[in-house]
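To be precise, the following lines are run-v6.csv, and they hold CSV, C-alpha atoms.
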```csv
chain,number,residue,atom,x,y,z
A,1,MET,CA,0.0,0.0,0.0
A,2,ALA,CA,1.3,3.5,-0.9
A,3,PHE,CA,2.6,5.6,2.0
A,4,ILE,CA,1.6,9.3,1.8
A,5,GLY,CA,4.1,11.2,3.9
A,6,LYS,CA,3.6,14.2,6.2
A,7,ASN,CA,5.3,16.5,3.7
A,8,VAL,CA,2.1,16.5,1.6
A,9,ILE,CA,0.5,18.5,4.4
A,10,GLU,CA,3.2,21.1,4.1
A,11,ASN,CA,2.8,21.3,0.4
A,12,LEU,CA,-0.9,22.0,0.8
A,13,THR,CA,-0.5,24.6,3.6
A,14,THR,CA,2.7,26.5,4.5
A,15,ALA,CA,4.3,26.0,1.0
A,16,MET,CA,1.2,26.5,-1.1
A,17,TYR,CA,0.8,30.3,-1.2
A,18,GLU,CA,3.1,33.3,-1.6
A,19,ASP,CA,0.5,35.7,-0.1
A,20,LEU,CA,-1.0,34.6,3.1
A,21,ARG,CA,-4.1,36.6,2.4
A,22,ILE,CA,-5.1,34.0,-0.1
A,23,ILE,CA,-6.4,32.1,2.9
A,24,TYR,CA,-9.3,34.6,2.9
A,25,ARG,CA,-10.0,33.9,-0.8
A,26,GLU,CA,-10.1,30.1,-0.1
A,27,TYR,CA,-12.6,30.5,2.7
A,28,VAL,CA,-14.8,33.0,0.8
A,29,GLN,CA,-14.7,30.6,-2.1
A,30,ASN,CA,-16.0,27.7,0.0
A,31,SER,CA,-18.7,29.9,1.5
A,32,ALA,CA,-19.8,30.9,-2.0
A,33,ASP,CA,-20.2,27.3,-3.0
A,34,SER,CA,-22.3,26.6,0.1
A,35,ILE,CA,-24.4,29.7,-0.6
A,36,ASP,CA,-25.0,28.5,-4.2
A,37,CYS,CA,-26.2,25.2,-2.8
A,38,ALA,CA,-28.5,26.8,-0.3
A,39,ILE,CA,-30.1,29.0,-2.9
A,40,ARG,CA,-30.7,26.1,-5.2
A,41,LYS,CA,-32.4,24.2,-2.4
A,42,GLY,CA,-34.5,27.1,-1.3
A,43,VAL,CA,-32.8,27.4,2.1
A,44,LEU,CA,-31.8,31.0,1.4
A,45,THR,CA,-32.5,33.8,-1.1
A,46,LYS,CA,-29.7,35.6,-2.7
A,47,GLU,CA,-30.5,38.7,-0.7
A,48,GLU,CA,-30.3,36.8,2.6
A,49,ALA,CA,-27.0,35.1,1.9
A,50,LYS,CA,-23.9,36.7,3.3
A,51,ILE,CA,-20.3,36.1,4.3
A,52,ASP,CA,-19.0,37.8,7.4
A,53,ILE,CA,-15.3,38.2,8.1
A,54,GLU,CA,-14.1,39.4,11.6
A,55,ILE,CA,-10.5,40.5,12.2
A,56,ASN,CA,-9.4,41.2,15.8
A,57,ALA,CA,-5.8,42.3,15.7
A,58,LYS,CA,-5.6,42.7,19.5
A,59,LYS,CA,-6.8,39.2,20.2
A,60,ARG,CA,-5.0,37.9,17.1
A,61,TYR,CA,-8.2,36.3,15.9
A,62,VAL,CA,-9.9,35.9,12.5
A,63,SER,CA,-13.2,34.3,11.6
A,64,VAL,CA,-15.1,33.7,8.3
A,65,THR,CA,-18.8,32.8,8.6
A,66,ASP,CA,-21.6,32.1,6.2
A,67,ASN,CA,-25.2,31.4,6.8
A,68,ALA,CA,-25.6,28.7,4.2
A,69,MET,CA,-25.7,24.9,4.2
A,70,GLY,CA,-23.1,23.9,6.8
A,71,VAL,CA,-22.3,20.2,6.8
A,72,PRO,CA,-24.8,17.5,7.9
A,73,CYS,CA,-23.8,16.1,11.3
A,74,GLY,CA,-23.7,12.6,10.0
A,75,GLN,CA,-21.2,13.5,7.3
A,76,PHE,CA,-19.1,16.1,9.3
A,77,LEU,CA,-16.4,13.7,10.5
A,78,GLN,CA,-15.8,12.1,7.2
A,79,ILE,CA,-15.7,15.4,5.2
A,80,MET,CA,-13.6,17.3,7.7
A,81,SER,CA,-11.0,14.6,8.1
A,82,SER,CA,-10.6,14.1,4.4
A,83,ILE,CA,-7.5,15.6,2.6
A,84,ALA,CA,-7.6,16.6,-1.1
A,85,ASP,CA,-10.9,14.9,-1.5
A,86,SER,CA,-14.2,16.6,-2.3
A,87,THR,CA,-17.7,15.8,-3.4
A,88,LYS,CA,-17.9,19.1,-5.3
A,89,ASP,CA,-18.4,19.3,-9.1
A,90,ARG,CA,-15.4,20.6,-11.0
A,91,GLY,CA,-17.6,22.1,-13.7
A,92,GLU,CA,-20.0,23.8,-11.3
A,93,ASP,CA,-18.3,24.6,-8.0
A,94,LYS,CA,-15.7,27.2,-7.3
A,95,GLY,CA,-13.7,25.0,-5.0
A,96,PHE,CA,-13.4,21.3,-5.6
A,97,ARG,CA,-10.0,20.0,-4.5
A,98,GLY,CA,-10.7,19.7,-0.8
A,99,ILE,CA,-7.5,21.5,0.2
A,100,GLY,CA,-8.5,25.2,0.7
A,101,ARG,CA,-9.7,24.7,4.2
A,102,LEU,CA,-6.2,23.6,5.3
A,103,GLY,CA,-4.7,27.0,4.4
A,104,GLY,CA,-5.1,28.3,8.0
A,105,ILE,CA,-2.8,25.7,9.4
A,106,SER,CA,0.2,27.8,8.3
A,107,SER,CA,-0.8,30.9,10.3
A,108,CYS,CA,-2.4,30.2,13.7
A,109,GLU,CA,-2.1,28.1,16.8
A,110,THR,CA,-5.6,26.7,16.6
A,111,LEU,CA,-7.9,26.2,13.6
A,112,ILE,CA,-11.5,25.5,14.3
A,113,PHE,CA,-14.4,24.6,11.9
A,114,SER,CA,-17.9,24.6,13.3
A,115,CYS,CA,-21.3,24.4,11.6
A,116,SER,CA,-24.9,23.4,11.7
A,117,ALA,CA,-27.0,22.2,8.8
A,118,PRO,CA,-30.5,23.4,8.1
A,119,GLY,CA,-33.1,21.7,10.3
A,120,GLU,CA,-30.5,19.9,12.5
A,121,PRO,CA,-30.5,20.6,16.2
A,122,VAL,CA,-26.7,19.9,16.3
A,123,VAL,CA,-23.5,21.9,16.1
A,124,SER,CA,-20.5,20.0,14.9
A,125,VAL,CA,-16.9,21.2,15.7
A,126,CYS,CA,-13.6,20.2,14.3
A,127,LYS,CA,-10.6,21.6,16.3
A,128,GLY,CA,-7.1,21.4,14.9
A,129,ASN,CA,-3.8,22.1,16.7
A,130,ALA,CA,-2.2,24.0,13.8
A,131,LYS,CA,0.9,24.9,15.8
A,132,ARG,CA,1.5,21.2,16.6
A,133,VAL,CA,1.2,20.4,12.8
A,134,ARG,CA,4.0,22.8,12.0
A,135,GLU,CA,6.2,21.4,14.8
A,136,ILE,CA,5.8,17.8,13.5
A,137,LEU,CA,6.5,18.9,9.9
A,138,VAL,CA,9.9,20.3,10.9
A,139,ASP,CA,10.8,17.5,13.3
A,140,LYS,CA,13.0,15.0,11.5
A,141,ASN,CA,12.4,12.4,14.2
A,142,GLN,CA,8.7,12.3,13.5
A,143,ASN,CA,7.5,10.8,10.2
A,144,PRO,CA,3.8,10.0,10.4
A,145,SER,CA,1.7,9.6,7.3
A,146,ALA,CA,-0.4,12.5,6.2
A,147,ALA,CA,-3.5,10.8,7.6
A,148,GLU,CA,-1.8,9.9,10.9
A,149,LEU,CA,-0.7,13.5,11.3
A,150,VAL,CA,-4.2,14.9,10.7
A,151,ASP,CA,-5.7,12.4,13.1
A,152,ALA,CA,-3.1,13.2,15.8
A,153,VAL,CA,-3.9,16.9,15.9
A,154,THR,CA,-7.6,17.0,15.3
A,155,GLU,CA,-10.5,16.7,17.8
A,156,PHE,CA,-14.2,16.3,16.9
A,157,SER,CA,-17.2,17.1,19.0
A,158,GLN,CA,-21.0,17.7,18.6
A,159,ASP,CA,-23.5,19.4,20.9
A,160,GLU,CA,-27.1,20.6,20.9
A,161,TYR,CA,-28.0,23.6,18.8
A,162,ASP,CA,-30.9,25.7,17.5
A,163,ALA,CA,-32.5,23.7,14.6
A,164,ASN,CA,-33.6,27.0,13.0
A,165,ASP,CA,-30.1,28.2,12.6
A,166,HIS,CA,-27.6,27.1,9.9
A,167,PHE,CA,-24.0,28.3,9.3
A,168,PHE,CA,-20.4,27.4,8.7
A,169,LYS,CA,-17.6,29.1,10.5
A,170,VAL,CA,-13.8,29.1,10.3
A,171,GLU,CA,-11.8,30.4,13.2
A,172,LEU,CA,-8.1,31.1,13.3
A,173,ILE,CA,-7.0,31.6,16.9
A,174,GLY,CA,-3.6,32.9,17.9
A,175,ILE,CA,-2.4,34.3,14.6
A,176,GLU,CA,1.4,33.9,14.4
A,177,LYS,CA,3.7,36.9,14.3
A,178,THR,CA,4.9,35.7,10.9
A,179,SER,CA,1.4,36.0,9.6
A,180,GLU,CA,0.8,39.6,10.6
A,181,GLU,CA,-0.8,40.5,7.2
A,182,LEU,CA,-3.9,38.5,8.1
A,183,LEU,CA,-4.6,41.0,10.9
A,184,GLN,CA,-4.1,44.1,8.8
A,185,LYS,CA,-7.7,44.9,8.2
A,186,ASP,CA,-7.4,47.6,5.6
A,187,LYS,CA,-5.0,45.5,3.5
A,188,VAL,CA,-7.2,42.4,3.8
A,189,MET,CA,-10.1,44.5,2.5
A,190,ASP,CA,-8.1,45.9,-0.4
A,191,TYR,CA,-7.1,42.3,-1.3
A,192,LEU,CA,-10.6,41.0,-1.2
A,193,ARG,CA,-12.1,43.9,-3.1
A,194,VAL,CA,-9.8,42.8,-6.0
A,195,VAL,CA,-10.1,39.0,-5.9
A,196,ALA,CA,-13.5,38.2,-4.3
A,197,PRO,CA,-16.8,37.5,-6.2
A,198,ILE,CA,-18.5,40.7,-5.2
A,199,PRO,CA,-20.5,43.5,-7.1
A,200,TYR,CA,-19.0,46.5,-8.8
A,201,ALA,CA,-18.9,49.7,-6.7
A,202,THR,CA,-22.1,51.8,-6.9
A,203,GLY,CA,-20.3,54.7,-8.5
A,204,PHE,CA,-19.0,52.7,-11.5
A,205,ILE,CA,-21.4,53.8,-14.1
A,206,PHE,CA,-20.8,50.9,-16.5
A,207,LYS,CA,-21.9,48.2,-14.1
A,208,THR,CA,-25.4,48.2,-15.6
A,209,LYS,CA,-24.0,47.9,-19.1
A,210,ILE,CA,-21.8,45.0,-18.1
A,211,ALA,CA,-24.7,43.2,-16.4
A,212,ASP,CA,-27.0,43.8,-19.4
A,213,PHE,CA,-24.4,42.4,-21.8
A,214,ALA,CA,-23.9,39.3,-19.6
A,215,ARG,CA,-27.7,38.7,-19.3
A,216,GLU,CA,-28.4,39.2,-23.0
A,217,ASN,CA,-25.7,36.7,-23.9
A,218,GLY,CA,-26.6,34.1,-21.3
A,219,PHE,CA,-23.7,34.7,-18.9
A,220,THR,CA,-23.8,34.8,-15.1
A,221,ILE,CA,-21.7,37.1,-13.0
A,222,ASP,CA,-21.6,35.5,-9.5
A,223,GLU,CA,-21.8,38.1,-6.8
A,224,TYR,CA,-22.1,37.7,-3.0
A,225,GLN,CA,-22.5,39.9,0.0
A,226,VAL,CA,-19.1,39.9,1.7
A,227,PHE,CA,-18.5,41.9,4.8
A,228,VAL,CA,-15.3,42.7,6.8
A,229,GLY,CA,-16.0,44.1,10.2
A,230,GLY,CA,-19.6,44.9,9.1
A,231,GLU,CA,-18.4,46.9,6.0
A,232,ARG,CA,-19.6,45.5,2.7
A,233,LEU,CA,-17.0,45.1,0.0
A,234,PHE,CA,-17.3,46.1,-3.7
A,235,LYS,CA,-14.9,45.9,-6.7
A,236,PRO,CA,-13.2,49.4,-6.7
A,237,TYR,CA,-13.7,50.2,-10.4
A,238,THR,CA,-14.1,53.8,-11.2
A,239,THR,CA,-14.5,55.8,-14.4
A,240,LYS,CA,-11.7,58.1,-13.5
A,241,LEU,CA,-8.0,57.2,-13.9
A,242,TYR,CA,-5.7,58.8,-11.4
A,243,GLU,CA,-2.1,59.7,-11.0
A,244,ALA,CA,-0.2,60.4,-7.7
A,245,THR,CA,0.7,64.0,-6.9
A,246,ALA,CA,3.7,65.5,-5.2
A,247,ASN,CA,1.8,65.9,-1.9
A,248,GLY,CA,0.8,62.3,-1.7
A,249,GLN,CA,-2.7,62.9,-3.1
A,250,LYS,CA,-4.1,61.8,-6.4
A,251,LYS,CA,-5.7,63.6,-9.3
A,252,ALA,CA,-7.6,62.4,-12.4
A,253,TYR,CA,-5.6,62.5,-15.6
A,254,ASP,CA,-7.9,60.4,-17.9
A,255,GLU,CA,-11.4,58.9,-17.9
A,256,ILE,CA,-13.1,55.7,-19.1
A,257,VAL,CA,-15.7,57.1,-21.5
A,258,ASP,CA,-17.1,53.7,-22.7
A,259,ILE,CA,-16.5,50.0,-22.6
A,260,ALA,CA,-16.1,47.4,-25.3
A,261,PHE,CA,-17.1,43.7,-25.2
A,262,LYS,CA,-15.7,40.6,-26.8
A,263,ILE,CA,-16.9,36.9,-26.7
A,264,PHE,CA,-14.4,34.1,-27.4
A,265,PRO,CA,-15.5,32.6,-29.8
A,266,GLU,CA,-18.4,34.8,-30.6
A,267,ASN,CA,-20.0,32.4,-33.1
A,268,SER,CA,-20.1,29.3,-30.8
A,269,ASP,CA,-22.9,27.9,-28.8
A,270,LYS,CA,-20.4,27.1,-26.1
A,271,PRO,CA,-18.0,30.1,-25.7
A,272,LEU,CA,-14.8,29.8,-23.7
A,273,ALA,CA,-14.8,33.3,-22.2
A,274,TRP,CA,-16.1,36.8,-22.6
A,275,MET,CA,-14.7,40.2,-21.6
A,276,TRP,CA,-15.1,43.9,-21.2
A,277,TYR,CA,-12.4,46.6,-21.4
A,278,GLY,CA,-12.5,50.3,-20.8
A,279,ILE,CA,-12.1,52.9,-23.6
A,280,SER,CA,-10.0,56.0,-22.6
A,281,LYS,CA,-7.4,58.2,-24.2
A,282,PHE,CA,-4.8,55.5,-23.4
A,283,GLU,CA,-2.4,58.4,-22.7
A,284,THR,CA,0.0,56.5,-20.5
A,285,GLN,CA,0.5,53.3,-18.5
A,286,ILE,CA,-2.1,53.4,-15.7
A,287,PRO,CA,-0.3,54.2,-12.4
A,288,SER,CA,-0.5,51.9,-9.4
A,289,VAL,CA,-2.8,54.2,-7.4
A,290,ASN,CA,-5.5,52.7,-9.6
A,291,PRO,CA,-6.2,49.3,-7.8
A,292,MET,CA,-8.0,47.7,-10.7
A,293,ARG,CA,-5.5,48.6,-13.5
A,294,GLY,CA,-4.8,45.9,-16.1
A,295,ILE,CA,-7.0,43.3,-17.6
A,296,ARG,CA,-8.0,40.8,-14.9
A,297,LEU,CA,-8.7,37.1,-15.4
A,298,ARG,CA,-11.7,35.6,-13.5
A,299,LYS,CA,-13.5,32.3,-13.2
A,300,SER,CA,-16.8,32.3,-11.3
A,301,ASN,CA,-16.0,36.0,-10.7
A,302,ILE,CA,-13.0,35.0,-8.5
A,303,GLN,CA,-9.8,36.5,-9.7
A,304,ILE,CA,-7.1,34.2,-11.1
A,305,GLY,CA,-3.6,35.5,-10.6
A,306,ASN,CA,-3.2,39.3,-10.6
A,307,GLU,CA,-2.8,42.3,-12.9
A,308,ASN,CA,0.2,40.6,-14.5
A,309,THR,CA,-1.4,37.2,-15.3
A,310,PHE,CA,-1.8,37.9,-19.0
A,311,SER,CA,1.6,39.4,-19.3
A,312,ASP,CA,3.2,36.5,-17.4
A,313,HIS,CA,1.7,34.1,-20.0
A,314,ASN,CA,2.9,36.2,-23.0
A,315,PHE,CA,-0.4,37.5,-24.2
A,316,TYR,CA,1.1,41.0,-24.9
A,317,MET,CA,3.7,41.8,-27.6
A,318,GLU,CA,5.2,44.4,-25.3
A,319,PRO,CA,5.2,43.9,-21.5
A,320,ARG,CA,4.2,47.6,-21.0
A,321,GLY,CA,1.0,46.9,-22.9
A,322,ARG,CA,-0.6,45.2,-19.8
A,323,LEU,CA,-0.9,48.6,-18.0
A,324,TYR,CA,-2.8,50.6,-20.6
A,325,PHE,CA,-6.1,48.9,-20.1
A,326,VAL,CA,-8.8,48.2,-17.5
A,327,GLY,CA,-11.1,45.3,-17.8
A,328,GLU,CA,-12.0,41.7,-17.0
A,329,VAL,CA,-12.0,38.4,-18.8
A,330,PHE,CA,-14.5,35.9,-17.5
A,331,ALA,CA,-13.7,32.3,-18.2
A,332,VAL,CA,-16.9,30.3,-18.6
A,333,HIS,CA,-16.0,27.0,-20.1
A,334,GLU,CA,-16.0,24.1,-17.6
A,335,ASP,CA,-12.7,22.8,-18.9
A,336,LEU,CA,-10.9,26.1,-18.1
A,337,ILE,CA,-10.0,24.9,-14.6
A,338,PRO,CA,-8.0,27.1,-12.2
A,339,ASN,CA,-4.8,25.4,-11.0
A,340,ALA,CA,-4.2,24.6,-7.3
A,341,ARG,CA,-2.5,28.0,-6.7
A,342,ARG,CA,-5.2,29.7,-8.7
A,343,ASP,CA,-2.7,31.8,-10.6
A,344,TYR,CA,-3.6,30.3,-14.0
A,345,PHE,CA,-5.5,27.4,-15.6
A,346,ASN,CA,-4.6,23.7,-15.7
A,347,LEU,CA,-2.8,23.3,-19.1
A,348,ASN,CA,-5.1,21.3,-21.4
A,349,ASN,CA,-6.4,21.6,-24.9
A,350,THR,CA,-9.2,24.0,-23.8
A,351,CYS,CA,-6.6,26.3,-22.2
A,352,ARG,CA,-4.5,26.3,-25.3
A,353,GLU,CA,-7.6,27.1,-27.4
A,354,PHE,CA,-8.4,30.0,-24.9
A,355,GLU,CA,-4.9,31.4,-25.5
A,356,ARG,CA,-5.2,31.1,-29.3
A,357,LEU,CA,-8.5,32.9,-29.3
A,358,LEU,CA,-7.4,35.8,-27.1
A,359,HIS,CA,-4.0,36.2,-28.6
A,360,PRO,CA,-5.0,38.5,-31.6
A,361,LEU,CA,-6.8,40.9,-29.4
A,362,PHE,CA,-4.1,41.2,-26.7
A,363,TYR,CA,-1.0,40.8,-28.9
A,364,ASP,CA,-2.0,42.8,-31.9
A,365,ARG,CA,-5.1,44.9,-31.4
A,366,PHE,CA,-4.3,46.2,-27.9
A,367,LYS,CA,-0.8,47.2,-29.1
A,368,THR,CA,-2.3,49.0,-32.1
A,369,ILE,CA,-4.7,50.9,-29.9
A,370,TYR,CA,-2.2,52.3,-27.4
A,371,HIS,CA,0.4,53.0,-30.1
A,372,TYR,CA,-2.2,54.8,-32.1
A,373,ALA,CA,-3.2,56.7,-29.0
A,374,ASN,CA,0.4,57.7,-28.5
A,375,ASP,CA,0.7,58.9,-32.1
A,376,TYR,CA,-2.5,60.8,-31.7
A,377,LYS,CA,-1.2,62.5,-28.6
A,378,LYS,CA,2.0,63.5,-30.4
A,379,ALA,CA,0.0,64.9,-33.3
A,380,LEU,CA,-2.1,67.0,-30.9
A,381,GLN,CA,1.1,68.2,-29.3
A,382,LYS,CA,2.5,69.2,-32.7
A,383,GLN,CA,-0.7,71.2,-33.4
A,384,GLN,CA,-0.3,72.9,-30.1
A,385,ASP,CA,3.3,73.7,-30.8
A,386,LEU,CA,2.3,75.2,-34.2
A,387,HIS,CA,-0.4,77.3,-32.5
A,388,ASN,CA,2.1,78.6,-29.9
A,389,SER,CA,4.7,79.5,-32.6
A,390,GLN,CA,2.0,81.3,-34.7
A,391,SER,CA,1.0,83.3,-31.7
A,392,ASP,CA,4.6,84.1,-30.9
A,393,TYR,CA,5.2,85.2,-34.5
A,394,LYS,CA,2.2,87.5,-34.5
A,395,VAL,CA,3.3,89.2,-31.3
A,396,LYS,CA,6.8,89.8,-32.7
A,397,VAL,CA,5.3,91.2,-35.9
A,398,ARG,CA,3.1,93.6,-34.0
A,399,THR,CA,5.8,94.7,-31.5
A,400,GLY,CA,8.8,94.6,-33.8
A,401,GLY,CA,10.4,91.9,-31.7
A,402,PHE,CA,12.6,90.4,-34.4
A,403,LEU,CA,16.3,91.1,-34.1
A,404,ASN,CA,16.7,91.5,-37.9
A,405,ALA,CA,15.5,90.2,-41.2
A,406,ASP,CA,17.3,86.9,-40.8
A,407,ASP,CA,15.7,86.3,-37.4
A,408,ARG,CA,12.2,86.9,-39.0
A,409,GLN,CA,13.1,84.5,-41.8
A,410,ALA,CA,14.2,81.9,-39.3
A,411,HIS,CA,10.8,82.1,-37.5
A,412,GLU,CA,8.9,81.9,-40.8
A,413,SER,CA,10.9,78.8,-41.8
A,414,LYS,CA,10.1,77.2,-38.4
A,415,LEU,CA,6.4,77.8,-39.0
A,416,GLU,CA,6.5,76.2,-42.4
A,417,THR,CA,8.3,73.2,-41.0
A,418,GLN,CA,5.7,72.8,-38.2
A,419,LYS,CA,2.8,73.2,-40.7
A,420,LYS,CA,4.2,70.3,-42.6
```
Is it possible to express this structure as structure tokens?
Amino acid sequence: MAFIGKNVIENLTTAMYEDLRIIYREYVQNSADSIDCAIRKGVLTKEEAKIDIEINAKKRYVSVTDNAMGVPCGQFLQIMSSIADSTKDRGEDKGFRGIGRLGGISSCETLIFSCSAPGEPVVSVCKGNAKRVREILVDKNQNPSAAELVDAVTEFSQDEYDANDHFFKVELIGIEKTSEELLQKDKVMDYLRVVAPIPYATGFIFKTKIADFARENGFTIDEYQVFVGGERLFKPYTTKLYEATANGQKKAYDEIVDIAFKIFPENSDKPLAWMWYGISKFETQIPSVNPMRGIRLRKSNIQIGNENTFSDHNFYMEPRGRLYFVGEVFAVHEDLIPNARRDYFNLNNTCREFERLLHPLFYDRFKTIYHYANDYKKALQKQQDLHNSQSDYKVKVRTGGFLNADDRQAHESKLETQKK
């Protein structure tokens, strides 16, 4: 019989993610799947469903709670003690590998999962000694199997509960000093605003146009009510594009005046993806003070990778091209499967077809757009330079400002050159 060593737990927890805040994305993703199930079964309406995140830096405590399906008490032990095993549907659910819930092991002393399923007067609790897991992982003298390690550090219990309540809650208790970013509320909120499946900000005037396009073409944009400390989160898209000022503030330098859409492929009954992108003057690369700069890749409205994802996978002819645009690509085909790190797709034939279909737009058309915009800007500047020279010439004619005939001739020659 094969032996699965303890190191697989490390690979799925402490070694899995570069940014610890990804833990929040994993737990929100699981809650979203549970909410979808609850809505399908009539347990909740979309308006009632919510995901609440609490961050208490003083107590070094984090919790993520949803009011959806929980886990039936008779299945709780089996499901919560399974590793990399899931009953979820790859084509339908957002999380399906059964590893996301382990993420918290890397960052706290104790990891607790508790829940109650609809109609059951029972609360089920799984308590894991996360600190002990990390100690065993680095101890060369202890070599349990992955299953033995999980069993050794996990406790299960059940108790009476209100049958009218239903929820699933994750608690990270005793956040480690090395995981301080999990307790930085503002930065966690900024991260989730970018990656989470949430609505567009109210002030983004193109949100209705995007929603209408999606509905008319049979696409769904998954959106959930996600709160951090009672504050609801929205994607921070705006019509204004900003640049930083010398005093640390920001000012608008450009504006998104419209948006364009594209379906890949447009003539298919089963498209791979669709997208929108903003139309502006494309005057310059969008500065970092704009949190949603770049074309973002999303599956089930959860971001894959970051602003550099398309550039990292050679979609752009010029690396600088990635920062002239704002927009989103929504992958919709079931065979476009986010990889375990959720920084791109599993490489398969559908992924390669996705790349082939998007390549002409990103590699050629986008380059043409911002180069044309740059040429246009230069042409406008030349017109302005001519206007300034003409004004200067008229003033000198009126006031006798030329040094001599040669000076006047030089100015006239300059004007002719600028006209050309």
Return as JSON lines the residues of segment 34-77 of chain A lying at most 7 Å from segment 157-180 of chain A, together with the closest atom-to-atom pair for each and the distance in Å to one decimal, counting all atoms listed in the file, with rows in chain order and ascending residue number.
```
{"residue": "A:Arg60", "atom": "CA", "partner": "A:Ile175", "partner_atom": "CA", "distance": 5.1}
{"residue": "A:Tyr61", "atom": "CA", "partner": "A:Ile173", "partner_atom": "CA", "distance": 5.0}
{"residue": "A:Val62", "atom": "CA", "partner": "A:Leu172", "partner_atom": "CA", "distance": 5.2}
{"residue": "A:Ser63", "atom": "CA", "partner": "A:Glu171", "partner_atom": "CA", "distance": 4.4}
{"residue": "A:Val64", "atom": "CA", "partner": "A:Val170", "partner_atom": "CA", "distance": 5.2}
{"residue": "A:Thr65", "atom": "CA", "partner": "A:Lys169", "partner_atom": "CA", "distance": 4.3}
{"residue": "A:Asp66", "atom": "CA", "partner": "A:Phe168", "partner_atom": "CA", "distance": 5.5}
{"residue": "A:Asn67", "atom": "CA", "partner": "A:Phe167", "partner_atom": "CA", "distance": 4.2}
{"residue": "A:Ala68", "atom": "CA", "partner": "A:Phe167", "partner_atom": "CA", "distance": 5.4}
{"residue": "A:Met69", "atom": "CA", "partner": "A:Phe167", "partner_atom": "CA", "distance": 6.4}
{"residue": "A:Gly70", "atom": "CA", "partner": "A:Phe168", "partner_atom": "CA", "distance": 4.8}
```
- Computed gap from atom CA of Leu77 of chain A to atom CA of Thr154 of chain A is 10.6 Å
- Message: When you count all atoms listed in the file, which of these residues is closest to Tyr191 of chain A: A:Val329, A:Val228, A:Cys37, A:Cys126?
- Response: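 Closest residue, counting all atoms listed in the file: A:Val228.
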- Figure out the distance between atom CA of Lys420 of chain A and atom CA of Val395 of chain A, please, to one decimal in Å.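 Atom-to-atom, atom CA of Val395 of chain A and atom CA of Lys420 of chain A are spaced 22.0 Å apart.
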- Query: What is the atom CA of Met317 of chain A to atom CA of Gly294 of chain A distance in Å?
  - Reply: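 Taking atom CA of Met317 of chain A as the start and atom CA of Gly294 of chain A as the end point, the length is 14.9 Å.
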- Task: Determine the nearest neighbour of Val289 of chain A from the options A:Lys250, A:Arg25, A:Arg193, A:Arg132, counting all atoms listed in the file.
- Result: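 Using all atoms listed in the file, the shortest distance to Val289 of chain A belongs to A:Lys250.
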- Message: List as a list of chain:residue names the residues having at least one atom at most 10 Å from position (-20.1, 53.0, -17.0) as given in the file, counting all atoms listed in the file.
- Response: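 Those residues, ordered by chain and then number, are A:Gly203, A:Phe204, A:Ile205, A:Phe206, A:Lys207, A:Thr208, A:Lys209, A:Ile210, A:Tyr237, A:Thr238, A:Thr239, A:Ile256, A:Val257, A:Asp258, A:Ile259, A:Gly278.
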Please save C-alpha atoms of the selected residues as a PDB file, in the frame of the given file.
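Wrote it out as again.pdb, contents follow:
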```
ATOM      1  CA  GLY A 203     -20.300  54.700  -8.500  1.00  0.00           C
ATOM      2  CA  PHE A 204     -19.000  52.700 -11.500  1.00  0.00           C
ATOM      3  CA  ILE A 205     -21.400  53.800 -14.100  1.00  0.00           C
ATOM      4  CA  PHE A 206     -20.800  50.900 -16.500  1.00  0.00           C
ATOM      5  CA  LYS A 207     -21.900  48.200 -14.100  1.00  0.00           C
ATOM      6  CA  THR A 208     -25.400  48.200 -15.600  1.00  0.00           C
ATOM      7  CA  LYS A 209     -24.000  47.900 -19.100  1.00  0.00           C
ATOM      8  CA  ILE A 210     -21.800  45.000 -18.100  1.00  0.00           C
ATOM      9  CA  TYR A 237     -13.700  50.200 -10.400  1.00  0.00           C
ATOM     10  CA  THR A 238     -14.100  53.800 -11.200  1.00  0.00           C
ATOM     11  CA  THR A 239     -14.500  55.800 -14.400  1.00  0.00           C
ATOM     12  CA  ILE A 256     -13.100  55.700 -19.100  1.00  0.00           C
ATOM     13  CA  VAL A 257     -15.700  57.100 -21.500  1.00  0.00           C
ATOM     14  CA  ASP A 258     -17.100  53.700 -22.700  1.00  0.00           C
ATOM     15  CA  ILE A 259     -16.500  50.000 -22.600  1.00  0.00           C
ATOM     16  CA  GLY A 278     -12.500  50.300 -20.800  1.00  0.00           C
TER      17      GLY A 278
END
```
